[in-house]
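Worksheet: one structure, shown below.
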Amino acid sequence: MSRTHPRVRRIPLNAAAALTVLICLFPVYWMISTAFKPSKDIQSSRPQLVPHTWTLDHFRTAVQADGFEVFWRNSILVTASSVLLALIVAIGSAYAVARLRWKGRRQFMLMVFIAQMAPWESLIIPVYIISRDTDMLDRLPTLTLVYFMVTLPFSIIVLRGFIGTIPPELEEAAQVDGCTRTGAFRKVALPLLAPGLMATSLFGFITAWNEFAYANFLIIKHQDSRTLPVWLSSFQNTFGTDWGATMAASTLFALPALIVFLLLQRHVTSGFAAGAVKG
């Protein structure tokens, strides 16, 4: 009885966890299943959990929609650029905070935490005014800078904690062997930062890839400069929303984020955990 008691006690917890997973995954399943349903089944008064008839017409409509290739290219370009830029700046900032001792270091980290806690949606109007006054509206570099600004504080916080877990003696030994401080970091510490870099890259990718508000407000006149989240709202016809094409487009839109997560998932948990060890 003593051996089975802990297992019995875990049954409610496991059941609650399974129910939570089902609730979270059901909207995703409904999106994918709707993308494969014929239009008459989507509008049916009796919803079907499993499509009786499968079709790829909605995916053809989404792929052949105006601007699909352009918006896809814009999203990849903006997302990759903002993530790369945030990583470059965050690595230098996190290293300076974790390894060096300089006046204002604590105040700098306090400002980083405040920036991370601030809701970035509240900055839409100031960012719009600044972009308008500097003639930066309707430009992809503006979105890149905005997403860089949003993801930078989180990247600094995680990488700073991760660098703090790397013994400084490793870099000191490399410097004794003739490496400069930069060379020691590049050859010794940087390879050990891989899990932290993966975690911050995933966060930055998902944030920039899914962002809609800034892409909708900052790109107004030049439609060719819009990104995929804005493109998803374009499946309208004279009869209303084309739900089949919208769900197919949403499925295609979610695939890159899913692929990136599956590729980086083994590093994400260790990266987030290590980033929280030292403050």
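Identifiers in the structure tokens: chain A, B, ... in order shown; residue index from 1 per chain; ligand index from 1 in order shown.
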All residues 9 Å or closer to A:Leu170, only C-alpha atoms, same chain fewer than 5 positions away omitted, as a ChimeraX atom specification: /A:175,184,188-189
Selected residues written out with N, CA, C and O atoms, as a tab-separated table (two decimals), in the first residue's frame:
chain	number	residue	atom	x	y	z
A	175	GLN	N	43.09	33.55	-20.74
A	175	GLN	CA	43.89	34.77	-20.82
A	175	GLN	C	45.34	34.50	-20.40
A	175	GLN	O	46.27	35.10	-20.95
A	184	ALA	N	39.05	35.24	-25.11
A	184	ALA	CA	38.68	34.25	-24.11
A	184	ALA	C	37.17	34.06	-24.06
A	184	ALA	O	36.67	32.93	-23.95
A	188	VAL	N	35.84	30.48	-25.14
A	188	VAL	CA	35.51	29.67	-23.95
A	188	VAL	C	34.05	29.85	-23.54
A	188	VAL	O	33.29	28.88	-23.42
A	189	ALA	N	33.64	31.10	-23.29
A	189	ALA	CA	32.32	31.33	-22.72
A	189	ALA	C	31.21	31.25	-23.76
A	189	ALA	O	30.13	30.70	-23.49
Helix (DSSP H, G or I) positions in stretch 15-102 of chain A, given as a tab-separated table (two decimals) with all heavy atoms, in the first residue's frame:
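Below you can see selection.tsv, which holds the result:
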chain	number	residue	atom	x	y	z
A	15	ALA	N	-4.57	14.04	-14.01
A	15	ALA	CA	-5.82	14.30	-14.73
A	15	ALA	C	-6.02	15.79	-14.99
A	15	ALA	O	-6.44	16.20	-16.08
A	15	ALA	CB	-7.01	13.74	-13.93
A	16	ALA	N	-5.70	16.61	-13.99
A	16	ALA	CA	-5.81	18.06	-14.18
A	16	ALA	C	-4.83	18.56	-15.24
A	16	ALA	O	-5.17	19.42	-16.07
A	16	ALA	CB	-5.57	18.78	-12.85
A	17	ALA	N	-3.62	17.99	-15.24
A	17	ALA	CA	-2.63	18.38	-16.25
A	17	ALA	C	-3.09	17.98	-17.64
A	17	ALA	O	-2.97	18.75	-18.61
A	17	ALA	CB	-1.28	17.76	-15.93
A	18	ALA	N	-3.64	16.75	-17.76
A	18	ALA	CA	-4.12	16.30	-19.06
A	18	ALA	C	-5.29	17.15	-19.55
A	18	ALA	O	-5.36	17.50	-20.74
A	18	ALA	CB	-4.54	14.84	-18.97
A	19	LEU	N	-6.19	17.53	-18.64
A	19	LEU	CA	-7.31	18.38	-19.02
A	19	LEU	C	-6.83	19.75	-19.48
A	19	LEU	O	-7.35	20.31	-20.45
A	19	LEU	CB	-8.28	18.51	-17.84
A	19	LEU	CG	-9.51	19.39	-18.07
A	19	LEU	CD1	-10.36	18.80	-19.20
A	19	LEU	CD2	-10.32	19.51	-16.78
A	20	THR	N	-5.85	20.29	-18.78
A	20	THR	CA	-5.30	21.59	-19.17
A	20	THR	C	-4.67	21.54	-20.55
A	20	THR	O	-4.85	22.45	-21.37
A	20	THR	CB	-4.25	22.04	-18.13
A	20	THR	OG1	-4.85	22.11	-16.84
A	20	THR	CG2	-3.70	23.41	-18.50
A	21	VAL	N	-3.93	20.47	-20.82
A	21	VAL	CA	-3.31	20.32	-22.14
A	21	VAL	C	-4.36	20.22	-23.22
A	21	VAL	O	-4.25	20.84	-24.29
A	21	VAL	CB	-2.39	19.08	-22.14
A	21	VAL	CG1	-1.91	18.78	-23.56
A	21	VAL	CG2	-1.20	19.30	-21.23
A	22	LEU	N	-5.42	19.46	-22.97
A	22	LEU	CA	-6.49	19.32	-23.96
A	22	LEU	C	-7.17	20.66	-24.24
A	22	LEU	O	-7.47	20.99	-25.39
A	22	LEU	CB	-7.52	18.29	-23.48
A	22	LEU	CG	-7.07	16.82	-23.49
A	22	LEU	CD1	-8.16	15.93	-22.89
A	22	LEU	CD2	-6.73	16.38	-24.90
A	23	ILE	N	-7.42	21.42	-23.18
A	23	ILE	CA	-8.07	22.72	-23.35
A	23	ILE	C	-7.19	23.67	-24.16
A	23	ILE	O	-7.67	24.41	-25.02
A	23	ILE	CB	-8.41	23.33	-21.98
A	23	ILE	CG1	-9.49	22.48	-21.28
A	23	ILE	CG2	-8.88	24.76	-22.12
A	23	ILE	CD1	-9.81	22.93	-19.87
A	24	CYS	N	-5.88	23.63	-23.91
A	24	CYS	CA	-4.97	24.51	-24.63
A	24	CYS	C	-4.78	24.09	-26.08
A	24	CYS	O	-4.62	24.95	-26.97
A	24	CYS	CB	-3.61	24.54	-23.92
A	24	CYS	SG	-3.63	25.30	-22.28
A	25	LEU	N	-4.80	22.79	-26.34
A	25	LEU	CA	-4.55	22.29	-27.69
A	25	LEU	C	-5.80	22.25	-28.56
A	25	LEU	O	-5.67	22.20	-29.79
A	25	LEU	CB	-3.93	20.89	-27.63
A	25	LEU	CG	-2.51	20.79	-27.09
A	25	LEU	CD1	-2.03	19.35	-27.14
A	25	LEU	CD2	-1.55	21.69	-27.89
A	26	PHE	N	-6.99	22.28	-27.96
A	26	PHE	CA	-8.20	22.16	-28.77
A	26	PHE	C	-8.35	23.29	-29.79
A	26	PHE	O	-8.71	23.02	-30.94
A	26	PHE	CB	-9.43	22.11	-27.86
A	26	PHE	CG	-10.71	21.96	-28.63
A	26	PHE	CD1	-11.07	20.73	-29.18
A	26	PHE	CD2	-11.55	23.05	-28.83
A	26	PHE	CE1	-12.25	20.59	-29.90
A	26	PHE	CE2	-12.71	22.93	-29.55
A	26	PHE	CZ	-13.07	21.69	-30.09
A	27	PRO	N	-8.10	24.57	-29.43
A	27	PRO	CA	-8.20	25.61	-30.47
A	27	PRO	C	-7.25	25.37	-31.64
A	27	PRO	O	-7.60	25.67	-32.79
A	27	PRO	CB	-7.84	26.90	-29.71
A	27	PRO	CG	-8.17	26.61	-28.29
A	27	PRO	CD	-7.84	25.16	-28.11
A	28	VAL	N	-6.05	24.86	-31.34
A	28	VAL	CA	-5.10	24.57	-32.42
A	28	VAL	C	-5.65	23.45	-33.30
A	28	VAL	O	-5.59	23.52	-34.55
A	28	VAL	CB	-3.73	24.19	-31.84
A	28	VAL	CG1	-2.75	23.86	-32.96
A	28	VAL	CG2	-3.19	25.32	-30.97
A	29	TYR	N	-6.18	22.41	-32.67
A	29	TYR	CA	-6.76	21.31	-33.45
A	29	TYR	C	-7.94	21.81	-34.29
A	29	TYR	O	-8.09	21.42	-35.46
A	29	TYR	CB	-7.21	20.19	-32.52
A	29	TYR	CG	-8.10	19.18	-33.20
A	29	TYR	CD1	-7.55	18.22	-34.05
A	29	TYR	CD2	-9.48	19.20	-33.03
A	29	TYR	CE1	-8.36	17.30	-34.71
A	29	TYR	CE2	-10.30	18.29	-33.68
A	29	TYR	CZ	-9.73	17.34	-34.52
A	29	TYR	OH	-10.53	16.44	-35.17
A	30	TRP	N	-8.77	22.65	-33.71
A	30	TRP	CA	-9.94	23.15	-34.44
A	30	TRP	C	-9.50	24.00	-35.64
A	30	TRP	O	-10.12	23.94	-36.70
A	30	TRP	CB	-10.83	23.95	-33.51
A	30	TRP	CG	-12.18	24.25	-34.09
A	30	TRP	CD1	-12.63	25.44	-34.57
A	30	TRP	CD2	-13.25	23.33	-34.24
A	30	TRP	NE1	-13.91	25.32	-35.03
A	30	TRP	CE2	-14.32	24.03	-34.84
A	30	TRP	CE3	-13.41	21.97	-33.94
A	30	TRP	CZ2	-15.54	23.42	-35.15
A	30	TRP	CZ3	-14.61	21.37	-34.24
A	30	TRP	CH2	-15.66	22.09	-34.84
A	31	MET	N	-8.46	24.78	-35.47
A	31	MET	CA	-7.93	25.59	-36.58
A	31	MET	C	-7.47	24.68	-37.73
A	31	MET	O	-7.82	24.90	-38.89
A	31	MET	CB	-6.77	26.45	-36.09
A	31	MET	CG	-6.06	27.23	-37.19
A	31	MET	SD	-4.57	28.06	-36.58
A	31	MET	CE	-3.47	26.62	-36.35
A	32	ILE	N	-6.70	23.64	-37.39
A	32	ILE	CA	-6.15	22.76	-38.43
A	32	ILE	C	-7.26	21.96	-39.09
A	32	ILE	O	-7.31	21.82	-40.31
A	32	ILE	CB	-5.09	21.83	-37.81
A	32	ILE	CG1	-3.91	22.66	-37.29
A	32	ILE	CG2	-4.59	20.82	-38.85
A	32	ILE	CD1	-2.87	21.84	-36.55
A	33	SER	N	-8.18	21.43	-38.29
A	33	SER	CA	-9.27	20.63	-38.87
A	33	SER	C	-10.17	21.49	-39.75
A	33	SER	O	-10.63	21.03	-40.81
A	33	SER	CB	-10.08	19.96	-37.77
A	33	SER	OG	-10.74	20.92	-36.96
A	34	THR	N	-10.43	22.73	-39.34
A	34	THR	CA	-11.26	23.62	-40.15
A	34	THR	C	-10.59	23.93	-41.48
A	34	THR	O	-11.26	24.10	-42.50
A	34	THR	CB	-11.56	24.91	-39.39
A	34	THR	OG1	-12.19	24.60	-38.14
A	34	THR	CG2	-12.46	25.84	-40.19
A	35	ALA	N	-9.25	24.01	-41.48
A	35	ALA	CA	-8.53	24.31	-42.71
A	35	ALA	C	-8.72	23.22	-43.75
A	35	ALA	O	-8.62	23.48	-44.96
A	35	ALA	CB	-7.05	24.50	-42.41
A	39	SER	N	-16.14	24.15	-47.38
A	39	SER	CA	-16.84	25.34	-46.87
A	39	SER	C	-18.22	25.00	-46.33
A	39	SER	O	-18.66	25.57	-45.33
A	39	SER	CB	-16.95	26.39	-47.98
A	39	SER	OG	-15.68	26.82	-48.40
A	40	LYS	N	-18.92	24.06	-46.96
A	40	LYS	CA	-20.28	23.72	-46.50
A	40	LYS	C	-20.25	23.06	-45.13
A	40	LYS	O	-21.18	23.22	-44.33
A	40	LYS	CB	-20.95	22.79	-47.52
A	40	LYS	CG	-20.24	21.47	-47.75
A	40	LYS	CD	-20.97	20.64	-48.79
A	40	LYS	CE	-20.28	19.30	-49.02
A	40	LYS	NZ	-20.30	18.46	-47.81
A	41	ASP	N	-19.17	22.32	-44.81
A	41	ASP	CA	-19.06	21.71	-43.49
A	41	ASP	C	-18.67	22.73	-42.42
A	41	ASP	O	-19.04	22.57	-41.26
A	41	ASP	CB	-18.02	20.58	-43.52
A	41	ASP	CG	-18.48	19.41	-44.37
A	41	ASP	OD1	-19.70	19.30	-44.63
A	41	ASP	OD2	-17.62	18.60	-44.79
A	42	ILE	N	-17.92	23.76	-42.82
A	42	ILE	CA	-17.53	24.79	-41.86
A	42	ILE	C	-18.75	25.57	-41.39
A	42	ILE	O	-18.88	25.90	-40.20
A	42	ILE	CB	-16.49	25.75	-42.49
A	42	ILE	CG1	-15.21	24.98	-42.82
A	42	ILE	CG2	-16.19	26.91	-41.55
A	42	ILE	CD1	-14.18	25.82	-43.54
A	57	ASP	N	-8.42	22.92	-50.86
A	57	ASP	CA	-8.79	24.14	-51.58
A	57	ASP	C	-8.47	25.40	-50.78
A	57	ASP	O	-8.05	26.42	-51.35
A	57	ASP	CB	-10.29	24.11	-51.93
A	57	ASP	CG	-10.62	23.05	-52.95
A	57	ASP	OD1	-9.68	22.60	-53.65
A	57	ASP	OD2	-11.80	22.67	-53.05
A	58	HIS	N	-8.66	25.33	-49.47
A	58	HIS	CA	-8.40	26.52	-48.65
A	58	HIS	C	-6.91	26.86	-48.63
A	58	HIS	O	-6.53	28.04	-48.60
A	58	HIS	CB	-8.91	26.30	-47.23
A	58	HIS	CG	-10.37	26.00	-47.16
A	58	HIS	ND1	-11.32	26.78	-47.78
A	58	HIS	CD2	-11.06	24.99	-46.54
A	58	HIS	CE1	-12.53	26.28	-47.55
A	58	HIS	NE2	-12.39	25.19	-46.80
A	59	PHE	N	-6.05	25.86	-48.64
A	59	PHE	CA	-4.62	26.11	-48.68
A	59	PHE	C	-4.22	26.70	-50.03
A	59	PHE	O	-3.36	27.58	-50.09
A	59	PHE	CB	-3.85	24.81	-48.42
A	59	PHE	CG	-3.91	24.35	-46.99
A	59	PHE	CD1	-4.87	23.44	-46.58
A	59	PHE	CD2	-3.01	24.83	-46.05
A	59	PHE	CE1	-4.93	23.00	-45.26
A	59	PHE	CE2	-3.06	24.41	-44.73
A	59	PHE	CZ	-4.03	23.49	-44.34
A	60	ARG	N	-4.86	26.24	-51.10
A	60	ARG	CA	-4.57	26.83	-52.41
A	60	ARG	C	-4.99	28.29	-52.44
A	60	ARG	O	-4.28	29.15	-52.98
A	60	ARG	CB	-5.30	26.04	-53.50
A	60	ARG	CG	-4.84	24.59	-53.64
A	60	ARG	CD	-5.43	23.95	-54.89
A	60	ARG	NE	-5.14	22.52	-54.94
A	60	ARG	CZ	-5.97	21.58	-54.54
A	60	ARG	NH1	-7.17	21.91	-54.08
A	60	ARG	NH2	-5.63	20.30	-54.62
A	61	THR	N	-6.15	28.59	-51.85
A	61	THR	CA	-6.62	29.97	-51.80
A	61	THR	C	-5.65	30.85	-51.02
A	61	THR	O	-5.35	31.98	-51.41
A	61	THR	CB	-8.01	30.03	-51.16
A	61	THR	OG1	-8.93	29.24	-51.91
A	61	THR	CG2	-8.52	31.46	-51.10
A	62	ALA	N	-5.13	30.32	-49.90
A	62	ALA	CA	-4.21	31.10	-49.08
A	62	ALA	C	-2.89	31.34	-49.80
A	62	ALA	O	-2.37	32.47	-49.81
A	62	ALA	CB	-3.96	30.38	-47.75
A	63	VAL	N	-2.35	30.30	-50.42
A	63	VAL	CA	-1.05	30.44	-51.09
A	63	VAL	C	-1.16	31.34	-52.31
A	63	VAL	O	-0.22	32.09	-52.64
A	63	VAL	CB	-0.51	29.05	-51.47
A	63	VAL	CG1	0.75	29.17	-52.32
A	63	VAL	CG2	-0.22	28.23	-50.22
A	68	PHE	N	1.06	36.99	-50.73
A	68	PHE	CA	1.50	35.90	-49.86
A	68	PHE	C	3.02	35.81	-49.81
A	68	PHE	O	3.63	35.81	-48.73
A	68	PHE	CB	0.90	34.58	-50.34
A	68	PHE	CG	1.45	33.37	-49.62
A	68	PHE	CD1	1.03	33.08	-48.34
A	68	PHE	CD2	2.38	32.55	-50.22
A	68	PHE	CE1	1.54	31.97	-47.66
A	68	PHE	CE2	2.88	31.43	-49.57
A	68	PHE	CZ	2.45	31.15	-48.29
A	69	GLU	N	3.67	35.74	-50.96
A	69	GLU	CA	5.13	35.60	-51.01
A	69	GLU	C	5.82	36.84	-50.45
A	69	GLU	O	6.83	36.74	-49.75
A	69	GLU	CB	5.58	35.33	-52.43
A	69	GLU	CG	5.08	34.01	-53.00
A	69	GLU	CD	5.57	33.77	-54.41
A	69	GLU	OE1	6.28	34.66	-54.95
A	69	GLU	OE2	5.25	32.71	-54.98
A	70	VAL	N	5.27	38.02	-50.76
A	70	VAL	CA	5.89	39.27	-50.29
A	70	VAL	C	5.80	39.38	-48.77
A	70	VAL	O	6.78	39.69	-48.09
A	70	VAL	CB	5.22	40.48	-50.95
A	70	VAL	CG1	5.78	41.79	-50.38
A	70	VAL	CG2	5.43	40.44	-52.47
A	71	PHE	N	4.61	39.11	-48.23
A	71	PHE	CA	4.43	39.22	-46.78
A	71	PHE	C	5.25	38.17	-46.05
A	71	PHE	O	5.76	38.41	-44.95
A	71	PHE	CB	2.95	39.09	-46.42
A	71	PHE	CG	2.10	40.22	-46.92
A	71	PHE	CD1	0.72	40.10	-47.01
A	71	PHE	CD2	2.68	41.42	-47.31
A	71	PHE	CE1	-0.06	41.14	-47.47
A	71	PHE	CE2	1.91	42.47	-47.78
A	71	PHE	CZ	0.54	42.33	-47.86
A	72	TRP	N	5.34	36.97	-46.64
A	72	TRP	CA	6.16	35.91	-46.04
A	72	TRP	C	7.62	36.34	-45.97
A	72	TRP	O	8.29	36.16	-44.95
A	72	TRP	CB	6.00	34.63	-46.85
A	72	TRP	CG	6.57	33.42	-46.22
A	72	TRP	CD1	7.87	33.01	-46.27
A	72	TRP	CD2	5.89	32.46	-45.41
A	72	TRP	NE1	8.04	31.85	-45.56
A	72	TRP	CE2	6.85	31.49	-45.02
A	72	TRP	CE3	4.57	32.32	-45.00
A	72	TRP	CZ2	6.50	30.41	-44.23
A	72	TRP	CZ3	4.24	31.24	-44.20
A	72	TRP	CH2	5.20	30.30	-43.83
A	73	ARG	N	8.11	36.91	-47.06
A	73	ARG	CA	9.50	37.37	-47.09
A	73	ARG	C	9.70	38.49	-46.08
A	73	ARG	O	10.72	38.53	-45.38
A	73	ARG	CB	9.83	37.86	-48.50
A	73	ARG	CG	11.26	38.37	-48.67
A	73	ARG	CD	11.35	39.24	-49.92
A	73	ARG	NE	10.52	40.43	-49.78
A	73	ARG	CZ	10.14	41.20	-50.79
A	73	ARG	NH1	10.48	40.88	-52.02
A	73	ARG	NH2	9.39	42.27	-50.58
A	74	ASN	N	8.75	39.42	-45.98
A	74	ASN	CA	8.88	40.52	-45.03
A	74	ASN	C	8.94	40.02	-43.60
A	74	ASN	O	9.75	40.50	-42.79
A	74	ASN	CB	7.71	41.49	-45.19
A	74	ASN	CG	7.72	42.22	-46.51
A	74	ASN	OD1	8.74	42.27	-47.20
A	74	ASN	ND2	6.60	42.79	-46.89
A	75	SER	N	8.09	39.05	-43.26
A	75	SER	CA	8.08	38.52	-41.88
A	75	SER	C	9.40	37.84	-41.55
A	75	SER	O	9.96	38.04	-40.46
A	75	SER	CB	6.93	37.54	-41.71
A	75	SER	OG	5.69	38.21	-41.69
A	76	ILE	N	9.91	37.04	-42.47
A	76	ILE	CA	11.19	36.36	-42.22
A	76	ILE	C	12.32	37.37	-42.08
A	76	ILE	O	13.17	37.26	-41.18
A	76	ILE	CB	11.48	35.36	-43.35
A	76	ILE	CG1	10.47	34.22	-43.32
A	76	ILE	CG2	12.90	34.82	-43.23
A	76	ILE	CD1	10.65	33.21	-44.43
A	77	LEU	N	12.34	38.38	-42.94
A	77	LEU	CA	13.40	39.38	-42.91
A	77	LEU	C	13.38	40.17	-41.61
A	77	LEU	O	14.41	40.35	-40.94
A	77	LEU	CB	13.27	40.31	-44.11
A	77	LEU	CG	14.31	41.43	-44.23
A	77	LEU	CD1	15.70	40.84	-44.39
A	77	LEU	CD2	13.98	42.34	-45.41
A	78	VAL	N	12.20	40.65	-41.22
A	78	VAL	CA	12.08	41.46	-40.01
A	78	VAL	C	12.37	40.63	-38.77
A	78	VAL	O	13.10	41.08	-37.86
A	78	VAL	CB	10.67	42.09	-39.94
A	78	VAL	CG1	10.45	42.72	-38.57
A	78	VAL	CG2	10.49	43.12	-41.02
A	79	THR	N	11.84	39.42	-38.71
A	79	THR	CA	12.04	38.57	-37.54
A	79	THR	C	13.51	38.19	-37.37
A	79	THR	O	14.08	38.32	-36.28
A	79	THR	CB	11.18	37.30	-37.66
A	79	THR	OG1	9.80	37.67	-37.76
A	79	THR	CG2	11.38	36.41	-36.45
A	80	ALA	N	14.13	37.72	-38.45
A	80	ALA	CA	15.54	37.31	-38.36
A	80	ALA	C	16.44	38.48	-38.01
A	80	ALA	O	17.36	38.36	-37.19
A	80	ALA	CB	15.98	36.67	-39.68
A	81	SER	N	16.18	39.64	-38.60
A	81	SER	CA	17.03	40.82	-38.34
A	81	SER	C	16.90	41.28	-36.89
A	81	SER	O	17.91	41.59	-36.24
A	81	SER	CB	16.65	41.95	-39.29
A	81	SER	OG	16.82	41.57	-40.64
A	82	SER	N	15.67	41.33	-36.38
A	82	SER	CA	15.48	41.80	-35.00
A	82	SER	C	16.07	40.83	-33.99
A	82	SER	O	16.69	41.26	-33.00
A	82	SER	CB	13.98	42.00	-34.72
A	82	SER	OG	13.27	40.78	-34.87
A	83	VAL	N	15.93	39.52	-34.23
A	83	VAL	CA	16.50	38.53	-33.31
A	83	VAL	C	18.02	38.60	-33.32
A	83	VAL	O	18.67	38.59	-32.27
A	83	VAL	CB	16.02	37.12	-33.69
A	83	VAL	CG1	16.78	36.06	-32.90
A	83	VAL	CG2	14.52	36.98	-33.41
A	84	LEU	N	18.61	38.68	-34.50
A	84	LEU	CA	20.07	38.76	-34.60
A	84	LEU	C	20.60	40.02	-33.94
A	84	LEU	O	21.60	39.97	-33.20
A	84	LEU	CB	20.48	38.69	-36.07
A	84	LEU	CG	22.00	38.74	-36.36
A	84	LEU	CD1	22.70	37.55	-35.70
A	84	LEU	CD2	22.27	38.76	-37.85
A	85	LEU	N	19.96	41.14	-34.20
A	85	LEU	CA	20.40	42.40	-33.60
A	85	LEU	C	20.27	42.37	-32.09
A	85	LEU	O	21.17	42.83	-31.35
A	85	LEU	CB	19.58	43.55	-34.19
A	85	LEU	CG	19.99	44.97	-33.80
A	85	LEU	CD1	21.43	45.25	-34.23
A	85	LEU	CD2	19.05	45.99	-34.44
A	86	ALA	N	19.17	41.81	-31.58
A	86	ALA	CA	18.97	41.72	-30.13
A	86	ALA	C	20.01	40.82	-29.48
A	86	ALA	O	20.53	41.14	-28.39
A	86	ALA	CB	17.57	41.21	-29.82
A	87	LEU	N	20.37	39.73	-30.13
A	87	LEU	CA	21.38	38.82	-29.57
A	87	LEU	C	22.74	39.51	-29.50
A	87	LEU	O	23.46	39.38	-28.50
A	87	LEU	CB	21.47	37.55	-30.41
A	87	LEU	CG	20.35	36.52	-30.23
A	87	LEU	CD1	20.60	35.32	-31.13
A	87	LEU	CD2	20.24	36.07	-28.79
A	88	ILE	N	23.12	40.21	-30.56
A	88	ILE	CA	24.43	40.87	-30.59
A	88	ILE	C	24.54	41.89	-29.46
A	88	ILE	O	25.53	41.91	-28.71
A	88	ILE	CB	24.66	41.52	-31.96
A	88	ILE	CG1	24.78	40.45	-33.05
A	88	ILE	CG2	25.92	42.39	-31.93
A	88	ILE	CD1	24.89	41.02	-34.45
A	89	VAL	N	23.53	42.73	-29.31
A	89	VAL	CA	23.57	43.77	-28.27
A	89	VAL	C	23.43	43.14	-26.89
A	89	VAL	O	24.11	43.56	-25.93
A	89	VAL	CB	22.46	44.81	-28.52
A	89	VAL	CG1	22.45	45.85	-27.41
A	89	VAL	CG2	22.67	45.48	-29.87
A	90	ALA	N	22.57	42.13	-26.76
A	90	ALA	CA	22.33	41.53	-25.45
A	90	ALA	C	23.57	40.79	-24.93
A	90	ALA	O	23.84	40.81	-23.72
A	90	ALA	CB	21.14	40.58	-25.52
A	91	ILE	N	24.31	40.15	-25.82
A	91	ILE	CA	25.51	39.43	-25.37
A	91	ILE	C	26.51	40.41	-24.77
A	91	ILE	O	27.07	40.17	-23.69
A	91	ILE	CB	26.13	38.66	-26.55
A	91	ILE	CG1	25.27	37.46	-26.92
A	91	ILE	CG2	27.54	38.18	-26.20
A	91	ILE	CD1	25.75	36.72	-28.15
A	92	GLY	N	26.75	41.52	-25.46
A	92	GLY	CA	27.68	42.51	-24.93
A	92	GLY	C	27.20	43.13	-23.63
A	92	GLY	O	27.97	43.29	-22.67
A	93	SER	N	25.91	43.48	-23.57
A	93	SER	CA	25.37	44.09	-22.35
A	93	SER	C	25.38	43.11	-21.18
A	93	SER	O	25.74	43.47	-20.06
A	93	SER	CB	23.94	44.59	-22.62
A	93	SER	OG	23.92	45.51	-23.68
A	94	ALA	N	24.96	41.86	-21.44
A	94	ALA	CA	24.91	40.87	-20.37
A	94	ALA	C	26.32	40.56	-19.85
A	94	ALA	O	26.52	40.39	-18.64
A	94	ALA	CB	24.24	39.59	-20.88
A	95	TYR	N	27.29	40.48	-20.75
A	95	TYR	CA	28.66	40.22	-20.31
A	95	TYR	C	29.20	41.37	-19.47
A	95	TYR	O	29.86	41.15	-18.44
A	95	TYR	CB	29.56	40.00	-21.53
A	95	TYR	CG	30.98	39.65	-21.17
A	95	TYR	CD1	31.34	38.34	-20.88
A	95	TYR	CD2	31.97	40.64	-21.10
A	95	TYR	CE1	32.64	38.02	-20.54
A	95	TYR	CE2	33.27	40.32	-20.76
A	95	TYR	CZ	33.60	39.01	-20.48
A	95	TYR	OH	34.88	38.69	-20.13
A	96	ALA	N	28.91	42.60	-19.87
A	96	ALA	CA	29.38	43.75	-19.11
A	96	ALA	C	28.78	43.78	-17.71
A	96	ALA	O	29.46	44.12	-16.74
A	96	ALA	CB	29.04	45.04	-19.87
A	97	VAL	N	27.52	43.39	-17.59
A	97	VAL	CA	26.86	43.41	-16.29
A	97	VAL	C	27.33	42.25	-15.43
A	97	VAL	O	27.53	42.39	-14.21
A	97	VAL	CB	25.33	43.38	-16.47
A	97	VAL	CG1	24.64	43.22	-15.12
A	97	VAL	CG2	24.85	44.64	-17.16
A	98	ALA	N	27.52	41.07	-16.02
A	98	ALA	CA	27.85	39.87	-15.25
A	98	ALA	C	29.33	39.80	-14.88
A	98	ALA	O	29.66	39.25	-13.83
A	98	ALA	CB	27.46	38.62	-16.05
A	99	ARG	N	30.21	40.33	-15.71
A	99	ARG	CA	31.64	40.14	-15.49
A	99	ARG	C	32.36	41.41	-15.03
A	99	ARG	O	33.33	41.32	-14.27
A	99	ARG	CB	32.29	39.67	-16.79
A	99	ARG	CG	32.01	38.22	-17.13
A	99	ARG	CD	32.82	37.30	-16.23
A	99	ARG	NE	32.76	35.92	-16.67
A	99	ARG	CZ	31.91	35.01	-16.20
A	99	ARG	NH1	31.04	35.36	-15.26
A	99	ARG	NH2	31.92	33.76	-16.66
Each stretch 207-264 of chain A residue no farther than 9 Å from stretch 128-140 of chain A, nearest pair in Å, only C-alpha atoms, as a Markdown table:
| residue | atom | partner | partner_atom | distance |
| --- | --- | --- | --- | --- |
| A:Tyr214 | CA | A:Tyr128 | CA | 8.6 |
| A:Phe217 | CA | A:Tyr128 | CA | 7.4 |
| A:Leu218 | CA | A:Leu137 | CA | 5.5 |
| A:Ile219 | CA | A:Asp138 | CA | 4.2 |
| A:Ile220 | CA | A:Asp138 | CA | 6.1 |
| A:Lys221 | CA | A:Asp138 | CA | 6.5 |
| A:His222 | CA | A:Asp138 | CA | 5.7 |
| A:Gln223 | CA | A:Asp138 | CA | 8.3 |
| A:Ser225 | CA | A:Leu140 | CA | 6.2 |
| A:Arg226 | CA | A:Leu140 | CA | 8.0 |
Which of these, A:Ala213, A:Ile163, A:Ala174, A:Met109, has the shortest distance to A:Leu123 once you count only C-alpha atoms?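 Answer, going by the shortest atom-to-atom distance: A:Ala213.
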Could you produce a table of the residues of stretch 166-201 of chain A lying within 12 Å of stretch 251-265 of chain A, with the nearest pair of atoms per residue and their separation in Å rounded to one decimal, using only C-alpha atoms, ordered by chain and increasing residue number, as a tab-separated table?
residue	atom	partner	partner_atom	distance
A:Ala194	CA	A:Leu264	CA	10.4
A:Pro195	CA	A:Leu264	CA	8.7
A:Gly196	CA	A:Leu264	CA	10.7
A:Leu197	CA	A:Leu264	CA	10.0
A:Met198	CA	A:Leu264	CA	6.2
A:Ala199	CA	A:Leu264	CA	7.6
A:Thr200	CA	A:Leu264	CA	10.5
A:Ser201	CA	A:Leu264	CA	9.1
Write down as JSON, numbers by chain the residues belonging to stretch 1-242 of chain A that are assigned strand (DSSP E) by DSSP computed on the backbone. {"A": [236, 237, 240, 241]}
Computed gap from atom CA of A:Ala245 to atom CA of A:Asp66 is 12.8 Å
